[in-house]
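Just below is one structure, and these are the notes that go with it.
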Amino acid sequence: MNNDNNDVHDALLLDLQRGLPLNRHPFADIGARHGMTEHAALQVVESLFESGWARRFGGVFDSRQLGYGSTLCAVDVPADDLERVAGLLAPHTGVTHCYEREGHPNLWFTMTAPASELKAELARTAERLSPYTLLDLPALRRFKVQVVLDASSVGRAAAKKPTEPDSDDGMAAPEISEHEKALVRKLQGNIEVIADPFGAVADALAWDPDKLLQHLARWQDEGVLRRVGIILRHRKAGFTANGMCVWCVPPEDIERAGRELAKCPEVTHCYERPPWEGFRFNLFAMIHARERGVARGLFERISKDVGLDDGAMLVSVREFKKSSPVFFCEA
């Protein structure tokens, strides 16, 4: 493949991650942006699944808008017991990511559950992991959430205008009808890669296709639905160095630092989280790079640019589980 074709492929890959247009022929539209036919764009998507680069084609939702809560958890486990403990977590449908990371704590995972049940679920999980102590590190403020990786740039996420920082405090659980829950369940899986994927979803759920598209557009405007697109397996795509960067920042400087980190194109996530005894860091950011040395260089440069000098980077050593959140399937 020549350089021009590589550039087109990488640009198309970015658009596929950012989200498809909400119409009856989204691949025709997204292909036309890059001088490709609908058929050629579909072939690229099929090749992403065949190569293992793509993990899922479906909807990405804001869990809070669906009445769910989520949190980041950590536990420090002796190396000889790590696989057993990770094996306790992996089958849990609410655990979407589970990694061994360098340093202490060494086992990290995310937990998602209906907001009214999250506290109880964490208590049950803490009991299951005993005698090891569970650290609960919920997001106090979100400065950025954008997992879109640029294959043409090493260790670089696609540039995105940072959003205003937000908080989980005071958010009322929305009313989601049974009809809407069925739509969420359909979109959170793998949608069929065909010319009219939304038409197929509408047929499966007995929705009028135009009304379904209008509903999805409204959800996007309201922030319920972030996008419908391709979710990559980052390691397969070459981003093997997954670095969780953490800093200890004075409370009065958190907002400034979080906003500055959110502007960095290499940062995909940025949150304020509560410190714990033994883990005093309160500002978290995720970066992805092709090599550990590149990730280390990014961490040092970002720290310097933002004026943060009390930090560390915890690189992923092993991936025990990586999946998307599942909603309305507790039964």
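Following the order of the structure tokens, chains are lettered A, B, ..., residues in each are numbered from 1, and ligands are numbered from 1.
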Residues near Ala86 in chain A, anyone? I mean within 9 Å using only C-alpha atoms, not counting same-chain ones fewer than 5 positions away, as an MDAnalysis selection string. chainID A and resid 81 98:100 107 320:321
Shell of 12 Å around Gly199 in chain A, only C-alpha atoms, local chain residues under 3 positions omitted, as JSON, numbers by chain: {"A": [22, 23, 24, 25, 26, 191, 192, 193, 194, 195, 196, 202, 203, 204, 205, 206, 207, 208, 209, 210, 211, 212, 213]}
Selection from above, C-alpha atoms, as an mmCIF file, in the first residue's frame, can you write it?
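Here's the written file again.cif:
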data_model
loop_
_atom_site.group_PDB
_atom_site.id
_atom_site.type_symbol
_atom_site.label_atom_id
_atom_site.label_comp_id
_atom_site.auth_asym_id
_atom_site.auth_seq_id
_atom_site.Cartn_x
_atom_site.Cartn_y
_atom_site.Cartn_z
ATOM 1 C CA LEU A 22 -26.925 8.701 11.602
ATOM 2 C CA ASN A 23 -28.583 7.893 8.286
ATOM 3 C CA ARG A 24 -29.624 4.894 6.211
ATOM 4 C CA HIS A 25 -26.288 4.670 4.332
ATOM 5 C CA PRO A 26 -23.594 5.812 6.768
ATOM 6 C CA ILE A 191 -24.174 -4.322 14.932
ATOM 7 C CA GLU A 192 -24.078 -6.045 11.562
ATOM 8 C CA VAL A 193 -21.554 -4.489 9.160
ATOM 9 C CA ILE A 194 -23.818 -3.860 6.152
ATOM 10 C CA ALA A 195 -24.774 -0.916 3.965
ATOM 11 C CA ASP A 196 -27.846 -0.063 6.096
ATOM 12 C CA ALA A 202 -34.920 -1.045 13.274
ATOM 13 C CA ASP A 203 -36.210 -4.240 11.629
ATOM 14 C CA ALA A 204 -34.967 -6.393 14.528
ATOM 15 C CA LEU A 205 -36.738 -4.188 17.092
ATOM 16 C CA ALA A 206 -39.867 -3.392 15.041
ATOM 17 C CA TRP A 207 -39.050 0.333 14.964
ATOM 18 C CA ASP A 208 -39.705 2.635 12.060
ATOM 19 C CA PRO A 209 -36.177 3.255 10.635
ATOM 20 C CA ASP A 210 -36.601 7.027 10.343
ATOM 21 C CA LYS A 211 -37.969 7.292 13.884
ATOM 22 C CA LEU A 212 -35.099 5.181 15.180
ATOM 23 C CA LEU A 213 -32.567 7.512 13.549
#
Counting only C-alpha atoms, closest pick from A:Val315, A:Val228, A:Ile302, A:Val60 relative to Pro197 in chain A is A:Val228
May I have a table of the residues of range 94-141 of chain A lying at most 8 Å from range 260-273 of chain A, giving each one's closest pair of atoms and their distance in Å to one decimal, counting only C-alpha atoms, ordered by chain and ascending residue number, as CSV?
residue,atom,partner,partner_atom,distance
A:Leu137,CA,A:Arg273,CA,5.7
A:Pro138,CA,A:Arg273,CA,5.9
A:Ala139,CA,A:Arg273,CA,5.0
A:Leu140,CA,A:Arg273,CA,5.4
A:Arg141,CA,A:Glu272,CA,5.1
Can you pull out every residue within 7 Å of Ala113 in chain A, counting only C-alpha atoms, but drop anything in the same chain fewer than 3 positions away, and send it as a PyMOL selection string? chain A and resi 68-70+94+117-118
Residues near Ser303 in chain A, anyone? I mean within 10 Å using only C-alpha atoms, not counting same-chain ones fewer than 6 positions away, as a PyMOL selection string. chain A and resi 245-247+257+261+297+309-312
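Considering only range 223-273 of chain A, backbone DSSP assigns alpha helix (DSSP H) to Ile254, Glu255, Arg256, Ala257, Gly258, Arg259, Glu260, Leu261, Ala262 and Lys263 of chain A.
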In Å, how far is it from CA of Leu183 in chain A to CA of His234 in chain A? 27.0 Å
Range 28-32 of chain A surroundings by only C-alpha atoms, 12 Å radius, close-in-sequence under 3 positions cut, as a PyMOL selection string: chain A and resi 8-9+11-25+35-45+194-197+229
Export, as an mmCIF file, in the first residue's frame, the selected residues with C-alpha atoms.
data_model
loop_
_atom_site.group_PDB
_atom_site.id
_atom_site.type_symbol
_atom_site.label_atom_id
_atom_site.label_comp_id
_atom_site.auth_asym_id
_atom_site.auth_seq_id
_atom_site.Cartn_x
_atom_site.Cartn_y
_atom_site.Cartn_z
ATOM 1 C CA VAL A 8 -6.655 7.553 3.372
ATOM 2 C CA HIS A 9 -6.903 4.373 5.458
ATOM 3 C CA ALA A 11 -8.129 9.073 8.071
ATOM 4 C CA LEU A 12 -11.020 6.662 7.484
ATOM 5 C CA LEU A 13 -10.080 4.727 10.633
ATOM 6 C CA LEU A 14 -10.292 7.944 12.643
ATOM 7 C CA ASP A 15 -13.759 8.729 11.278
ATOM 8 C CA LEU A 16 -14.978 5.199 11.967
ATOM 9 C CA GLN A 17 -13.915 5.583 15.604
ATOM 10 C CA ARG A 18 -15.414 9.052 15.965
ATOM 11 C CA GLY A 19 -18.781 7.732 14.894
ATOM 12 C CA LEU A 20 -20.885 7.099 11.820
ATOM 13 C CA PRO A 21 -23.415 9.612 10.500
ATOM 14 C CA LEU A 22 -26.925 8.701 11.602
ATOM 15 C CA ASN A 23 -28.583 7.893 8.286
ATOM 16 C CA ARG A 24 -29.624 4.894 6.211
ATOM 17 C CA HIS A 25 -26.288 4.670 4.332
ATOM 18 C CA GLY A 35 -12.886 9.332 -2.038
ATOM 19 C CA MET A 36 -14.103 5.777 -1.513
ATOM 20 C CA THR A 37 -17.222 3.902 -2.531
ATOM 21 C CA GLU A 38 -19.621 2.488 0.032
ATOM 22 C CA HIS A 39 -18.420 -1.009 -0.865
ATOM 23 C CA ALA A 40 -14.771 -0.049 -0.331
ATOM 24 C CA ALA A 41 -15.534 1.505 3.072
ATOM 25 C CA LEU A 42 -17.390 -1.643 4.126
ATOM 26 C CA GLN A 43 -14.411 -3.737 3.020
ATOM 27 C CA VAL A 44 -12.130 -1.689 5.267
ATOM 28 C CA VAL A 45 -14.412 -2.338 8.251
ATOM 29 C CA ILE A 194 -23.818 -3.860 6.152
ATOM 30 C CA ALA A 195 -24.774 -0.916 3.965
ATOM 31 C CA ASP A 196 -27.846 -0.063 6.096
ATOM 32 C CA PRO A 197 -26.959 -1.097 9.662
ATOM 33 C CA GLY A 229 -18.714 3.465 15.605
#
Mind pulling up the distance from CA of Phe281 in chain A to CA of Lys119 in chain A? 22.2 Å
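Closest approach to Phe143 in chain A among A:Leu283, A:Ala295, A:Ala126, A:Cys73 is made by A:Leu283 (distances from only C-alpha atoms).
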What does the distance between CA of Val95 in chain A and CA of Phe109 in chain A come to in Å, to one decimal place? 6.7 Å
Shortest interatomic distance to Asn242 in chain A - which of A:Ala200, A:Ile230, A:Leu298, A:Ala74, counting only C-alpha atoms: A:Leu298
Name the residues in contact with Val85 in chain A at a cut-off of 10 Å, using only C-alpha atoms, excluding same-chain residues fewer than 4 positions from it; report them as a VMD selection string. chain A and resid 75 77 to 78 80 to 81 89 to 90 107 128 to 130 132
Given the selection you just returned, output its residues as a file containing N, CA and C atoms, formatted as a short mmCIF file (atom, residue, chain, number, x, y, z; two decimals), in the first residue's frame.
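Produced file out.cif, reproduced below:
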data_model
loop_
_atom_site.label_atom_id
_atom_site.label_comp_id
_atom_site.auth_asym_id
_atom_site.auth_seq_id
_atom_site.Cartn_x
_atom_site.Cartn_y
_atom_site.Cartn_z
N VAL A 75 -6.46 -2.93 43.72
CA VAL A 75 -6.15 -3.81 44.84
C VAL A 75 -4.71 -4.27 44.67
N VAL A 77 -2.02 -7.04 45.15
CA VAL A 77 -2.06 -8.49 45.29
C VAL A 77 -0.65 -9.05 45.10
N PRO A 78 -0.21 -9.98 45.94
CA PRO A 78 1.09 -10.61 45.72
C PRO A 78 1.14 -11.26 44.34
N ASP A 80 2.21 -13.97 43.18
CA ASP A 80 1.86 -15.39 43.03
C ASP A 80 0.36 -15.64 43.19
N ASP A 81 -0.40 -14.62 43.57
CA ASP A 81 -1.86 -14.78 43.73
C ASP A 81 -2.63 -13.93 42.73
N LEU A 89 -12.54 -11.66 39.26
CA LEU A 89 -13.14 -10.44 38.74
C LEU A 89 -13.63 -10.58 37.30
N ALA A 90 -12.88 -11.28 36.47
CA ALA A 90 -13.16 -11.32 35.04
C ALA A 90 -14.57 -11.77 34.67
N LEU A 107 -3.24 -4.39 40.63
CA LEU A 107 -4.39 -4.90 39.90
C LEU A 107 -5.47 -3.82 39.85
N ARG A 128 -15.29 -10.42 48.45
CA ARG A 128 -14.77 -11.51 47.62
C ARG A 128 -13.24 -11.44 47.52
N LEU A 129 -12.71 -10.22 47.53
CA LEU A 129 -11.26 -10.05 47.36
C LEU A 129 -10.50 -10.09 48.68
N SER A 130 -11.19 -10.17 49.79
CA SER A 130 -10.54 -10.25 51.11
C SER A 130 -9.55 -11.42 51.12
N TYR A 132 -7.39 -8.85 50.76
CA TYR A 132 -6.79 -7.68 50.12
C TYR A 132 -7.76 -6.50 50.17
#
Restricting the calculation to only C-alpha atoms: of A:Ile254, A:Ala123, A:Leu48, A:Ala54, which residue gets closest to Arg233 in chain A? A:Ala54
Quick one: DSSP strand (DSSP E or B) residues in range 59-284 of chain A, as a VMD selection string? chain A and resid 59 to 61 68 to 75 95 to 101 107 to 114 134 to 137 141 to 145 149 157 166 225 to 232 241 to 247 267 to 272 276 279 283 to 284
